[in-house]
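Participant: Here you go, entry_13.txt (compact mmCIF, C-alpha atoms):
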# COMPACT_ATOMS: atom_id res chain seq x y z
CA MET A 86 0.00 0.00 0.00
CA ASP A 87 3.06 2.21 0.36
CA PHE A 88 3.10 2.41 -3.38
CA ILE A 89 -0.44 3.76 -3.65
CA GLU A 90 0.26 6.26 -0.92
CA SER A 91 3.40 7.45 -2.70
CA LEU A 92 1.36 8.14 -5.84
CA PHE A 93 -0.28 10.97 -3.91
CA SER A 94 2.51 12.04 -1.55
CA ASP A 95 5.51 12.00 -3.91
CA PRO A 96 5.36 15.15 -6.09
CA ALA A 97 6.89 13.48 -9.16
CA ALA A 98 4.56 10.47 -8.99
CA TYR A 99 1.56 12.70 -8.40
CA ARG A 100 2.46 14.83 -11.41
CA LEU A 101 2.62 11.73 -13.60
CA LEU A 102 -0.71 10.52 -12.25
CA THR A 103 -2.29 13.87 -13.13
CA ILE A 104 -0.87 13.71 -16.67
CA VAL A 105 -2.30 10.20 -17.07
CA ILE A 106 -5.81 11.13 -15.97
CA LEU A 107 -5.93 14.32 -18.07
CA SER A 108 -4.49 12.53 -21.12
CA ILE A 109 -7.20 9.86 -20.93
CA PHE A 110 -9.90 12.52 -21.23
CA LEU A 111 -7.96 14.38 -23.90
CA GLY A 112 -7.56 11.24 -26.02
CA VAL A 113 -11.30 10.62 -25.93
CA GLU A 114 -12.17 14.24 -26.77
CA VAL A 115 -9.63 14.74 -29.50
CA ILE A 116 -10.86 12.01 -31.83
CA GLY A 117 -14.51 12.17 -30.76
CA ARG A 118 -16.12 12.90 -34.11
CA VAL A 119 -13.88 11.15 -36.61
CA PRO A 120 -15.70 10.16 -39.83
CA SER A 121 -15.60 6.42 -40.52
CA VAL A 122 -13.51 6.78 -43.70
CA LEU A 123 -10.68 8.01 -41.48
CA HIS A 124 -10.83 5.11 -39.00
CA THR A 125 -8.01 3.12 -40.52
CA PRO A 126 -5.64 6.08 -41.15
CA LEU A 127 -6.28 7.33 -37.62
CA MET A 128 -5.52 3.89 -36.21
CA SER A 129 -2.34 3.83 -38.25
CA GLY A 130 -1.34 7.34 -37.11
CA ALA A 131 -1.97 6.42 -33.47
CA ASN A 132 0.10 3.29 -34.08
CA ALA A 133 3.02 5.47 -35.15
CA ILE A 134 2.61 7.73 -32.11
CA HIS A 135 2.90 4.91 -29.58
CA GLY A 136 6.23 4.26 -31.24
CA VAL A 137 7.36 6.91 -28.73
CA VAL A 138 8.37 3.81 -26.75
CA ILE A 139 11.58 4.10 -28.83
CA ILE A 140 12.70 6.79 -26.37
CA GLY A 141 12.74 4.16 -23.62
CA ALA A 142 14.75 1.87 -25.90
CA ILE A 143 17.28 4.64 -26.59
CA ILE A 144 17.69 5.37 -22.87
CA VAL A 145 18.11 1.69 -21.99
CA MET A 146 20.61 1.25 -24.83
CA GLY A 147 22.55 4.38 -23.88
CA GLN A 148 22.84 3.30 -20.26
CA ALA A 149 23.87 -0.30 -20.92
CA PRO A 150 27.35 -1.09 -19.53
CA PRO A 151 29.73 -1.87 -22.43
CA ASP A 152 30.41 -5.40 -21.06
CA ASP A 153 26.76 -6.34 -20.52
CA TYR A 154 26.13 -8.16 -23.77
CA LEU A 155 22.59 -9.24 -22.91
CA ALA A 156 21.52 -5.62 -22.36
CA LEU A 157 23.43 -4.45 -25.44
CA ILE A 158 21.90 -7.03 -27.77
CA LEU A 159 18.34 -6.75 -26.42
CA GLY A 160 18.62 -2.95 -26.33
CA PHE A 161 19.88 -2.87 -29.91
CA LEU A 162 16.97 -5.06 -30.96
CA ALA A 163 14.56 -2.78 -29.06
CA VAL A 164 15.91 0.31 -30.86
CA ILE A 165 15.46 -1.39 -34.26
CA LEU A 166 11.91 -2.55 -33.45
CA GLY A 167 10.93 0.84 -32.04
CA THR A 168 12.30 2.65 -35.10
CA LEU A 169 10.37 0.27 -37.37
CA ASN A 170 7.21 1.16 -35.44
CA VAL A 171 7.81 4.91 -35.73
CA VAL A 172 9.13 5.22 -39.29
CA GLY A 173 6.99 2.48 -40.81
CA GLY A 174 3.92 3.78 -38.99
CA PHE A 175 4.23 7.36 -40.21
CA VAL A 176 5.12 6.36 -43.78
CA VAL A 177 2.22 3.90 -44.08
CA THR A 178 -0.19 6.50 -42.69
CA ASP A 179 1.05 9.06 -45.19
CA ARG A 180 0.51 6.61 -48.04
CA MET A 181 -3.02 5.83 -46.87
CA LEU A 182 -3.89 9.52 -46.70
CA GLU A 183 -2.26 10.19 -50.06
CA MET A 184 -4.56 7.60 -51.58
CA PHE A 185 -7.45 9.20 -49.72
CA SER A 186 -6.81 12.71 -51.05
CA LYS A 187 -6.38 11.39 -54.60
CA LYS A 188 -9.76 9.72 -54.35
CA LYS A 189 -11.31 12.95 -53.20
CA ASN A 190 -9.79 14.98 -56.05
CA ASN A 191 -11.07 12.57 -58.69
CA LYS A 192 -14.64 13.10 -57.62
CA ASN B 72 17.84 19.73 -19.02
CA ILE B 73 15.72 22.73 -19.88
CA PHE B 74 16.05 22.18 -23.63
CA LEU B 75 15.20 18.50 -23.27
CA ASN B 76 12.03 19.36 -21.37
CA ILE B 77 11.05 22.00 -23.94
CA CYS B 78 11.49 19.45 -26.72
CA TYR B 79 9.39 16.89 -24.80
CA LEU B 80 6.65 19.46 -24.29
CA ILE B 81 6.62 20.32 -28.00
CA GLY B 82 6.50 16.57 -28.70
CA SER B 83 3.45 16.07 -26.47
CA VAL B 84 1.66 19.03 -28.08
CA THR B 85 2.35 17.75 -31.61
CA PHE B 86 0.90 14.35 -30.68
CA ILE B 87 -2.32 15.98 -29.49
CA LEU B 88 -2.49 18.28 -32.54
CA GLY B 89 -1.60 15.38 -34.83
CA LEU B 90 -4.43 13.19 -33.52
CA LYS B 91 -6.84 16.11 -33.71
CA MET B 92 -5.89 16.87 -37.32
CA LEU B 93 -5.91 13.19 -38.25
CA SER B 94 -9.58 13.00 -37.37
CA HIS B 95 -10.59 15.61 -39.99
CA PRO B 96 -10.38 14.76 -43.72
CA ASP B 97 -8.89 18.09 -44.80
CA SER B 98 -6.07 18.22 -42.29
CA ALA B 99 -5.34 14.49 -41.84
CA ARG B 100 -2.21 14.28 -43.96
CA LYS B 101 -0.73 17.38 -42.37
CA GLY B 102 -1.59 16.03 -38.92
CA ASN B 103 0.44 12.92 -39.59
CA LYS B 104 3.43 15.06 -40.56
CA VAL B 105 3.04 17.26 -37.48
CA ALA B 106 3.12 14.20 -35.21
CA ALA B 107 6.11 12.80 -37.12
CA PHE B 108 7.99 16.07 -36.65
CA GLY B 109 7.31 16.02 -32.90
CA MET B 110 8.48 12.42 -32.70
CA GLY B 111 11.71 13.23 -34.52
CA LEU B 112 12.35 16.14 -32.18
CA ALA B 113 11.72 14.02 -29.07
CA ILE B 114 14.02 11.27 -30.32
CA ALA B 115 16.84 13.64 -31.29
CA ALA B 116 16.53 15.49 -27.97
CA THR B 117 16.73 12.21 -26.04
CA ILE B 118 19.86 11.11 -27.88
CA PHE B 119 21.77 14.36 -27.46
CA LEU B 120 20.39 15.99 -24.31
CA TYR B 121 19.33 13.18 -21.97
CA LYS B 122 21.18 12.96 -18.65
CA ASP B 123 20.48 10.48 -15.87
CA ASP B 124 20.04 11.35 -12.19
CA HIS B 125 23.81 11.52 -11.70
CA GLY B 126 24.29 13.86 -14.65
CA TYR B 127 25.77 11.26 -17.00
CA ARG B 128 24.99 11.42 -20.70
CA LEU B 129 24.00 8.38 -22.73
CA GLY B 130 26.70 6.14 -24.20
CA ASN B 131 26.81 3.46 -26.88
CA TYR B 132 26.11 5.99 -29.63
CA GLY B 133 27.34 3.56 -32.27
CA TRP B 134 24.73 1.00 -31.30
CA ILE B 135 21.97 3.60 -31.07
CA PHE B 136 22.64 5.10 -34.49
CA ALA B 137 23.10 1.68 -36.10
CA GLY B 138 19.74 0.56 -34.69
CA LEU B 139 18.03 3.76 -35.83
CA ALA B 140 19.54 3.43 -39.33
CA ILE B 141 18.53 -0.23 -39.73
CA GLY B 142 15.02 0.44 -38.44
CA THR B 143 14.57 3.51 -40.67
CA VAL B 144 15.70 1.72 -43.84
CA LEU B 145 13.66 -1.43 -43.19
CA GLY B 146 10.60 0.53 -42.04
CA THR B 147 10.61 2.88 -45.03
CA LEU B 148 11.13 0.06 -47.52
CA ALA B 149 8.37 -2.09 -45.99
CA ALA B 150 5.92 0.82 -45.79
CA LYS B 151 6.64 2.02 -49.35
CA LYS B 152 6.44 -1.40 -50.95
CA VAL B 153 3.29 -2.72 -49.32
CA GLN B 154 0.22 -3.07 -51.54
CA MET B 155 -2.66 -0.71 -50.79
CA THR B 156 -4.88 -3.65 -49.84
CA ALA B 157 -2.29 -5.06 -47.45
CA MET B 158 -1.94 -1.89 -45.37
CA PRO B 159 -3.95 -3.03 -42.32
CA GLU B 160 -1.69 -6.06 -41.91
CA MET B 161 1.36 -3.81 -42.19
CA VAL B 162 -0.05 -1.61 -39.42
CA SER B 163 -0.54 -4.74 -37.33
CA LEU B 164 3.06 -5.79 -37.90
CA PHE B 165 4.40 -2.35 -36.92
CA ASN B 166 2.16 -2.41 -33.86
CA GLY B 167 3.68 -5.75 -32.91
CA MET B 168 7.17 -4.24 -33.22
CA GLY B 169 6.18 -1.52 -30.75
CA GLY B 170 4.83 -4.12 -28.32
CA ALA B 171 8.04 -6.15 -28.61
CA CYS B 172 10.06 -2.99 -27.99
CA ALA B 173 8.16 -2.35 -24.73
CA MET B 174 8.65 -6.00 -23.76
CA LEU B 175 12.42 -5.85 -24.31
CA ILE B 176 12.74 -2.63 -22.30
CA SER B 177 11.03 -4.33 -19.35
CA VAL B 178 13.26 -7.41 -19.61
CA ILE B 179 16.44 -5.31 -19.62
CA GLU B 180 15.27 -3.10 -16.76
CA TYR B 181 14.35 -6.16 -14.70
CA HIS B 182 17.93 -7.41 -14.97
CA HIS B 183 19.48 -4.00 -14.44
CA THR B 184 18.01 -3.06 -11.11
CA GLU B 185 18.82 -4.81 -7.88
CA ASN B 186 16.04 -4.88 -5.30
CA PRO B 187 13.78 -2.47 -7.17
CA PRO B 188 10.94 -0.87 -5.20
CA THR B 189 7.39 -2.19 -5.59
CA GLY B 190 6.24 0.67 -7.82
CA MET B 191 9.06 0.08 -10.27
CA LEU B 192 8.44 -3.69 -10.36
CA LEU B 193 4.75 -3.05 -10.98
CA VAL B 194 5.54 -0.78 -13.91
CA ILE B 195 8.11 -3.20 -15.34
CA VAL B 196 5.89 -6.29 -15.06
CA LEU B 197 2.66 -4.66 -16.29
CA GLY B 198 4.50 -3.00 -19.19
CA MET B 199 5.96 -6.36 -20.13
CA ILE B 200 2.64 -8.21 -19.94
CA ILE B 201 0.76 -5.69 -22.07
CA GLY B 202 3.63 -5.31 -24.55
CA THR B 203 3.95 -9.08 -24.94
CA VAL B 204 0.20 -9.66 -25.41
CA SER B 205 0.18 -6.89 -28.01
CA PHE B 206 3.24 -8.32 -29.77
CA ALA B 207 1.96 -11.90 -29.92
CA GLY B 208 -1.59 -10.83 -30.81
CA SER B 209 -0.43 -8.47 -33.56
CA ILE B 210 1.72 -11.15 -35.18
CA ILE B 211 -1.29 -13.51 -35.25
CA ALA B 212 -3.51 -10.72 -36.64
CA TRP B 213 -0.88 -10.05 -39.30
CA GLY B 214 -0.72 -13.74 -40.20
CA LYS B 215 -4.50 -13.95 -40.43
CA LEU B 216 -4.83 -10.92 -42.70
CA ASN B 217 -2.26 -12.21 -45.16
CA GLY B 218 -3.80 -15.67 -45.07
CA LYS B 219 -0.90 -17.50 -43.42
CA ILE B 220 -2.96 -18.34 -40.32
CA LYS B 221 -6.48 -19.72 -40.54
CA ASP B 222 -9.30 -19.02 -38.09
CA LYS B 223 -9.31 -21.67 -35.46
CA VAL B 224 -11.67 -22.26 -32.58
CA ILE B 225 -9.64 -23.93 -29.86
CA PRO B 226 -11.67 -26.46 -27.87
CA GLY B 227 -11.93 -25.53 -24.22
CA ALA B 228 -10.42 -22.13 -24.92
CA GLN B 229 -12.28 -20.55 -22.03
CA VAL B 230 -10.86 -23.05 -19.53
CA VAL B 231 -7.36 -22.52 -20.94
CA ASN B 232 -7.74 -18.75 -20.72
CA PHE B 233 -8.98 -19.07 -17.16
CA VAL B 234 -5.92 -21.12 -16.19
CA LEU B 235 -3.60 -18.69 -17.98
CA TRP B 236 -5.12 -15.75 -16.12
CA GLY B 237 -4.66 -17.61 -12.84
CA VAL B 238 -0.99 -18.37 -13.49
CA LEU B 239 -0.41 -14.80 -14.69
CA LEU B 240 -2.02 -13.28 -11.61
CA VAL B 241 -0.23 -15.51 -9.09
CA SER B 242 3.22 -15.10 -10.64
CA ALA B 243 2.73 -11.35 -11.18
CA VAL B 244 1.79 -10.88 -7.52
CA ALA B 245 4.79 -13.01 -6.45
CA VAL B 246 7.23 -10.95 -8.54
CA ILE B 247 5.74 -7.49 -7.89
CA GLY B 248 5.19 -8.13 -4.20
CA GLY B 249 8.83 -9.19 -3.87
CA PHE B 250 7.93 -12.67 -2.62
CA SER B 251 10.20 -14.25 -5.18
CA GLN B 252 13.28 -12.90 -6.93
CA GLU B 253 13.65 -15.92 -9.19
CA PRO B 254 14.19 -14.80 -12.80
CA TRP B 255 12.37 -17.91 -14.10
CA LEU B 256 9.15 -16.63 -12.58
CA PHE B 257 9.56 -13.38 -14.49
CA TYR B 258 10.02 -15.34 -17.71
CA THR B 259 7.01 -17.51 -16.88
CA ILE B 260 4.95 -14.32 -16.91
CA LEU B 261 6.43 -13.40 -20.28
CA ALA B 262 5.67 -16.84 -21.75
CA VAL B 263 2.12 -16.95 -20.40
CA ALA B 264 1.43 -13.43 -21.74
CA ALA B 265 2.68 -14.51 -25.18
CA VAL B 266 0.46 -17.62 -25.20
CA TYR B 267 -2.47 -15.53 -24.05
CA GLY B 268 -1.89 -13.01 -26.87
CA VAL B 269 -2.00 -15.84 -29.41
CA LEU B 270 -5.15 -17.42 -27.95
CA PHE B 271 -6.80 -14.00 -27.68
CA VAL B 272 -6.66 -13.31 -31.43
CA MET B 273 -6.81 -16.91 -32.76
CA PRO B 274 -10.60 -17.46 -32.70
CA ILE B 275 -11.53 -14.00 -34.03
CA GLY B 276 -12.72 -13.90 -37.62
CA GLY B 277 -10.63 -12.31 -40.37
CA ALA B 278 -13.25 -9.66 -41.14
CA ASP B 279 -13.05 -8.40 -37.57
CA MET B 280 -9.25 -8.03 -37.65
CA PRO B 281 -9.20 -4.21 -38.06
CA VAL B 282 -11.11 -3.90 -34.77
CA VAL B 283 -8.69 -6.26 -33.02
CA ILE B 284 -5.68 -4.42 -34.44
CA SER B 285 -7.11 -1.16 -33.16
CA LEU B 286 -7.57 -2.72 -29.72
CA LEU B 287 -4.00 -4.12 -29.67
CA ASN B 288 -2.86 -0.69 -30.85
CA SER B 289 -4.28 0.90 -27.73
CA PHE B 290 -2.64 -1.88 -25.64
CA THR B 291 0.75 -0.92 -27.03
CA GLY B 292 -0.03 2.68 -26.18
CA VAL B 293 -0.55 1.70 -22.55
CA ALA B 294 2.65 -0.36 -22.59
CA ALA B 295 4.53 2.72 -23.87
CA ALA B 296 2.98 4.76 -21.07
CA PHE B 297 4.38 2.32 -18.48
CA GLY B 298 7.77 3.10 -20.00
CA GLY B 299 6.98 6.75 -19.29
CA PHE B 300 6.47 5.88 -15.61
CA LEU B 301 9.67 3.87 -15.58
CA TYR B 302 11.83 6.73 -16.87
CA ASN B 303 9.75 9.56 -15.44
CA ASN B 304 9.38 10.66 -19.05
CA PRO B 305 6.43 12.96 -19.85
CA VAL B 306 6.42 12.55 -23.63
CA MET B 307 6.28 8.74 -23.43
CA LEU B 308 3.50 9.07 -20.90
CA THR B 309 1.33 11.51 -22.87
CA GLY B 310 1.96 9.76 -26.20
CA GLY B 311 1.21 6.34 -24.73
CA ILE B 312 -1.89 7.30 -22.76
CA LEU B 313 -3.30 9.40 -25.63
CA VAL B 314 -3.04 6.41 -27.96
CA GLY B 315 -4.39 4.14 -25.23
CA SER B 316 -7.55 6.19 -24.70
CA ALA B 317 -8.06 7.42 -28.28
CA GLY B 318 -7.40 3.87 -29.49
CA THR B 319 -10.03 2.44 -27.17
CA ILE B 320 -12.62 4.95 -28.35
CA LEU B 321 -11.62 4.33 -31.96
CA THR B 322 -12.07 0.58 -31.42
CA MET B 323 -15.60 1.17 -30.20
CA LEU B 324 -16.35 3.54 -33.11
CA MET B 325 -15.11 0.90 -35.55
CA CYS B 326 -17.40 -1.70 -33.98
CA LYS B 327 -20.28 0.73 -34.25
CA ALA B 328 -19.53 1.33 -37.94
CA MET B 329 -19.79 -2.44 -38.46
CA ASN B 330 -22.99 -2.63 -36.42
CA ARG B 331 -21.37 -4.96 -33.92
CA SER B 332 -20.52 -4.69 -30.26
CA LEU B 333 -16.97 -5.10 -29.02
CA LYS B 334 -18.03 -8.02 -26.85
CA ASN B 335 -19.54 -9.62 -29.92
CA VAL B 336 -16.23 -9.33 -31.77
CA LEU B 337 -14.11 -10.57 -28.90
CA VAL B 338 -16.20 -13.59 -28.03
CA GLY B 339 -15.43 -14.56 -31.59
CA ALA B 340 -18.03 -17.29 -31.90
CA PHE B 341 -19.91 -15.20 -34.46
CA GLY B 342 -16.82 -13.79 -36.07
CA GLY B 343 -17.03 -15.94 -39.16
CA THR B 344 -15.67 -15.02 -42.54
CA LYS B 345 -19.01 -14.33 -44.15
CA ALA B 346 -18.43 -12.42 -47.35
CA GLY B 347 -19.97 -9.02 -47.84
CA ARG B 348 -19.79 -7.90 -44.25
CA PRO B 349 -18.87 -4.22 -44.29
CA SER B 350 -15.32 -4.08 -43.09
CA ALA B 351 -13.83 -1.07 -41.38
CA ALA B 352 -10.72 -1.40 -43.51
CA GLY B 353 -11.95 1.08 -46.11
How does this structure look as structure tokens?
Facilitator:
Amino acid sequence: MDFIESLFSDPAAYRLLTIVILSIFLGVEVIGRVPSVLHTPLMSGANAIHGVVIIGAIIVMGQAPPDDYLALILGFLAVILGTLNVVGGFVVTDRMLEMFSKKKNNK
Amino acid sequence: NIFLNICYLIGSVTFILGLKMLSHPDSARKGNKVAAFGMGLAIAATIFLYKDDHGYRLGNYGWIFAGLAIGTVLGTLAAKKVQMTAMPEMVSLFNGMGGACAMLISVIEYHHTENPPTGMLLVIVLGMIIGTVSFAGSIIAWGKLNGKIKDKVIPGAQVVNFVLWGVLLVSAVAVIGGFSQEPWLFYTILAVAAVYGVLFVMPIGGADMPVVISLLNSFTGVAAAFGGFLYNNPVMLTGGILVGSAGTILTMLMCKAMNRSLKNVLVGAFGGTKAGRPSAAG
């Protein structure tokens, strides 16, 4: 229970908790009225945004001791996978939307 | 660290703006670019400006840049070459990569820290479970969409799932509560989460895959947010939670567009492959 208490007593933890709660509401509001044609591109764009996990991979990689091969190899793999998520995600979304705007212009 | 924090703040704002613009037809393409810009800024700032609690900068630059280069080349090639019709499965694959990334971060952090406090263990274990489920599930969803994996109703799936949940809960409590410091228990959790991810997606019909991918997408968002807790990193937290909540709403909207309830999709018994069902993939 110490942990739950610290969420409210520790300033840093409390700040993070506040960000979490506010972000939940923001996420709901921000995409509230998306037309159904944009469902898949929006999913793909959101997919690219959670690629922000790459930052964790970079930190873990950058802090790995040079003789800790397990951390180095797994961290390296994590950086590659995270980059794939980010770069691939944004490029695929752009291609989807490119197709979408072409369709609209032809009409 | 002032500049780092400014960059992270800009990153968070671009994610919000990006999602907002992505949900309107006229601004969608620009919104994607705005979010991509913010992501690039956050990544570059982390590489060059990040300092740990003791004021040390990051090392292993060679590894970091090599990983970034390989990921960028592979990701761009894969995304440029994919057929228009195969895009949802590509999204699923990229989503799986993100889940795997979160999983690996948790594994490394578990080995790094000696006698971590309960809060940190909680964040590490939950991040790993969600990341692993998302990874395994996304790979199955990808395989189903490209026809490599057929729909399969596993006999007694509910009993199996029940047992898996039990094992997951007991071992997670043992590890997080500090009752056991055995690494094998940690890896049991990882294995069970992977099996659960496979069983979760296996019985769901191919036509419902976009909904499942959207759901797994929001899972990965939550896994990324646990990374934000782990590193006390605001941009990971906002990005992850935004995708987690927006993704959940999007999943429900997609179900609504198909005239189905989420429960209906997930139970899977009705999720056949009947032709002509309006799919959300368009």
Participant: Name the closest residue to chain B among the candidates A:Thr103, A:Arg118, A:Gly173, A:Leu157; distances are taken between atoms, counting all atoms listed in the file.
Facilitator: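 Under the stated criterion, the closest residue is A:Gly173.
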Participant: Please provide as a ChimeraX atom specification all residues within 9 Å of segment 132-134 of chain A, with the sequence filter that same-chain residues fewer than 4 positions apart are discarded (counting only C-alpha atoms).
Facilitator: /A:127-128,138,170-176,178 /B:86,106-107,110,162-163,165-166,169,285,288-289,291-292,310-311,313-314,318
Participant: Between B:Ala157, B:Ile201, B:Leu175, B:Leu90, which one has atoms that come closest to Leu111 of chain A, using only C-alpha atoms?
Facilitator: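 Among the listed residues, B:Leu90 lies closest to Leu111 of chain A.
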Participant: Report, as JSON, the centre and edge lengths in Å (one decimal) of the axis-aligned box enclosing every listed atom of segment 300-311 of chain B, padded by 4 Å on each side.
Facilitator:
{"center_x": 6.5, "center_y": 8.4, "center_z": -20.8, "size_x": 18.6, "size_y": 17.1, "size_z": 18.8}
Participant: Neighbouring residues of Thr125 of chain A were defined as those with any atom within 10 Å, considering all atoms listed in the file; residues of the same chain fewer than 2 positions away were excluded. Please report them as a CSV table (one decimal) with C-alpha atoms, keeping the file's coordinate frame.
Facilitator:
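Just written: around18.csv:
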chain,number,residue,atom,x,y,z
A,121,SER,CA,-15.6,6.4,-40.5
A,122,VAL,CA,-13.5,6.8,-43.7
A,123,LEU,CA,-10.7,8.0,-41.5
A,127,LEU,CA,-6.3,7.3,-37.6
A,128,MET,CA,-5.5,3.9,-36.2
A,129,SER,CA,-2.3,3.8,-38.2
A,130,GLY,CA,-1.3,7.3,-37.1
A,131,ALA,CA,-2.0,6.4,-33.5
A,178,THR,CA,-0.2,6.5,-42.7
A,181,MET,CA,-3.0,5.8,-46.9
A,182,LEU,CA,-3.9,9.5,-46.7
B,158,MET,CA,-1.9,-1.9,-45.4
B,159,PRO,CA,-4.0,-3.0,-42.3
B,162,VAL,CA,0.0,-1.6,-39.4
B,281,PRO,CA,-9.2,-4.2,-38.1
B,282,VAL,CA,-11.1,-3.9,-34.8
B,284,ILE,CA,-5.7,-4.4,-34.4
B,285,SER,CA,-7.1,-1.2,-33.2
B,321,LEU,CA,-11.6,4.3,-32.0
B,325,MET,CA,-15.1,0.9,-35.6
B,351,ALA,CA,-13.8,-1.1,-41.4
B,352,ALA,CA,-10.7,-1.4,-43.5
B,353,GLY,CA,-12.0,1.1,-46.1
Participant: Compile the contact shell of Gly249 of chain B as a list in words: residues with an atom at most 10 Å away, counting all atoms listed in the file, same-chain residues fewer than 3 positions apart removed.
Facilitator: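 Those residues are Asn186, Pro187, Pro188, Thr189, Leu192, Ala243, Val244, Ala245, Val246, Gln252 and Glu253 of chain B.
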Participant: Would you save the residues from that selection as a CSV table (one decimal), in the coordinates of the input, using C-alpha atoms?
Facilitator:
chain,number,residue,atom,x,y,z
B,186,ASN,CA,16.0,-4.9,-5.3
B,187,PRO,CA,13.8,-2.5,-7.2
B,188,PRO,CA,10.9,-0.9,-5.2
B,189,THR,CA,7.4,-2.2,-5.6
B,192,LEU,CA,8.4,-3.7,-10.4
B,243,ALA,CA,2.7,-11.4,-11.2
B,244,VAL,CA,1.8,-10.9,-7.5
B,245,ALA,CA,4.8,-13.0,-6.4
B,246,VAL,CA,7.2,-11.0,-8.5
B,252,GLN,CA,13.3,-12.9,-6.9
B,253,GLU,CA,13.6,-15.9,-9.2
Participant: Can you work out which one of B:Val266, B:Ile312, B:Cys326, B:Thr147 has the shortest atom-to-atom distance to Ile104 of chain A, counting all atoms listed in the file?
Facilitator: B:Ile312
Participant: Would you kindly return, as a list in words, each protein, DNA or RNA residue with an atom no farther than 9 Å from any atom of Asn76 of chain B, considering only C-alpha atoms and excluding same-chain residues fewer than 4 positions away?
Facilitator: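 So the residues in contact are Asn72, Leu80, Ile81, Ala116 and Pro305 of chain B.
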Participant: Please determine, counting all atoms listed in the file, which residue among B:Ala265, B:Leu216, B:Ala115, B:Cys78 has the shortest atom-to-atom distance to chain A.
Facilitator: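 Closest to chain A, using all atoms listed in the file: B:Ala115.
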Participant: Which residue gives the smallest distance to chain A among B:Gly237, B:Gly170, B:Gly82, B:Gly142, with all atoms listed in the file counted?
Facilitator: B:Gly142
Participant: List every protein, DNA or RNA residue that has an atom no more than 12 Å from (17.7, 4.9, -20.2) in the file's coordinate frame, counting only C-alpha atoms, and report them as a PyMOL selection string.
Facilitator: (chain A and resi 138-150+156+160+164) or (chain B and resi 117-118+121-124+127-131+135+176-177+179-180+183+298-299+301-304)
Participant: Filtering to C-alpha atoms, could you give me those residues as a PDB file, in the coordinates of the input?
Facilitator:
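Okay, selection.pdb is ready:
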ATOM      1  CA  VAL A 138       8.370   3.810 -26.750  1.00  0.00           C
ATOM      2  CA  ILE A 139      11.580   4.100 -28.830  1.00  0.00           C
ATOM      3  CA  ILE A 140      12.700   6.790 -26.370  1.00  0.00           C
ATOM      4  CA  GLY A 141      12.740   4.160 -23.620  1.00  0.00           C
ATOM      5  CA  ALA A 142      14.750   1.870 -25.900  1.00  0.00           C
ATOM      6  CA  ILE A 143      17.280   4.640 -26.590  1.00  0.00           C
ATOM      7  CA  ILE A 144      17.690   5.370 -22.870  1.00  0.00           C
ATOM      8  CA  VAL A 145      18.110   1.690 -21.990  1.00  0.00           C
ATOM      9  CA  MET A 146      20.610   1.250 -24.830  1.00  0.00           C
ATOM     10  CA  GLY A 147      22.550   4.380 -23.880  1.00  0.00           C
ATOM     11  CA  GLN A 148      22.840   3.300 -20.260  1.00  0.00           C
ATOM     12  CA  ALA A 149      23.870  -0.300 -20.920  1.00  0.00           C
ATOM     13  CA  PRO A 150      27.350  -1.090 -19.530  1.00  0.00           C
ATOM     14  CA  ALA A 156      21.520  -5.620 -22.360  1.00  0.00           C
ATOM     15  CA  GLY A 160      18.620  -2.950 -26.330  1.00  0.00           C
ATOM     16  CA  VAL A 164      15.910   0.310 -30.860  1.00  0.00           C
TER      17      VAL A 164
ATOM     18  CA  THR B 117      16.730  12.210 -26.040  1.00  0.00           C
ATOM     19  CA  ILE B 118      19.860  11.110 -27.880  1.00  0.00           C
ATOM     20  CA  TYR B 121      19.330  13.180 -21.970  1.00  0.00           C
ATOM     21  CA  LYS B 122      21.180  12.960 -18.650  1.00  0.00           C
ATOM     22  CA  ASP B 123      20.480  10.480 -15.870  1.00  0.00           C
ATOM     23  CA  ASP B 124      20.040  11.350 -12.190  1.00  0.00           C
ATOM     24  CA  TYR B 127      25.770  11.260 -17.000  1.00  0.00           C
ATOM     25  CA  ARG B 128      24.990  11.420 -20.700  1.00  0.00           C
ATOM     26  CA  LEU B 129      24.000   8.380 -22.730  1.00  0.00           C
ATOM     27  CA  GLY B 130      26.700   6.140 -24.200  1.00  0.00           C
ATOM     28  CA  ASN B 131      26.810   3.460 -26.880  1.00  0.00           C
ATOM     29  CA  ILE B 135      21.970   3.600 -31.070  1.00  0.00           C
ATOM     30  CA  ILE B 176      12.740  -2.630 -22.300  1.00  0.00           C
ATOM     31  CA  SER B 177      11.030  -4.330 -19.350  1.00  0.00           C
ATOM     32  CA  ILE B 179      16.440  -5.310 -19.620  1.00  0.00           C
ATOM     33  CA  GLU B 180      15.270  -3.100 -16.760  1.00  0.00           C
ATOM     34  CA  HIS B 183      19.480  -4.000 -14.440  1.00  0.00           C
ATOM     35  CA  GLY B 298       7.770   3.100 -20.000  1.00  0.00           C
ATOM     36  CA  GLY B 299       6.980   6.750 -19.290  1.00  0.00           C
ATOM     37  CA  LEU B 301       9.670   3.870 -15.580  1.00  0.00           C
ATOM     38  CA  TYR B 302      11.830   6.730 -16.870  1.00  0.00           C
ATOM     39  CA  ASN B 303       9.750   9.560 -15.440  1.00  0.00           C
ATOM     40  CA  ASN B 304       9.380  10.660 -19.050  1.00  0.00           C
TER      41      ASN B 304
END
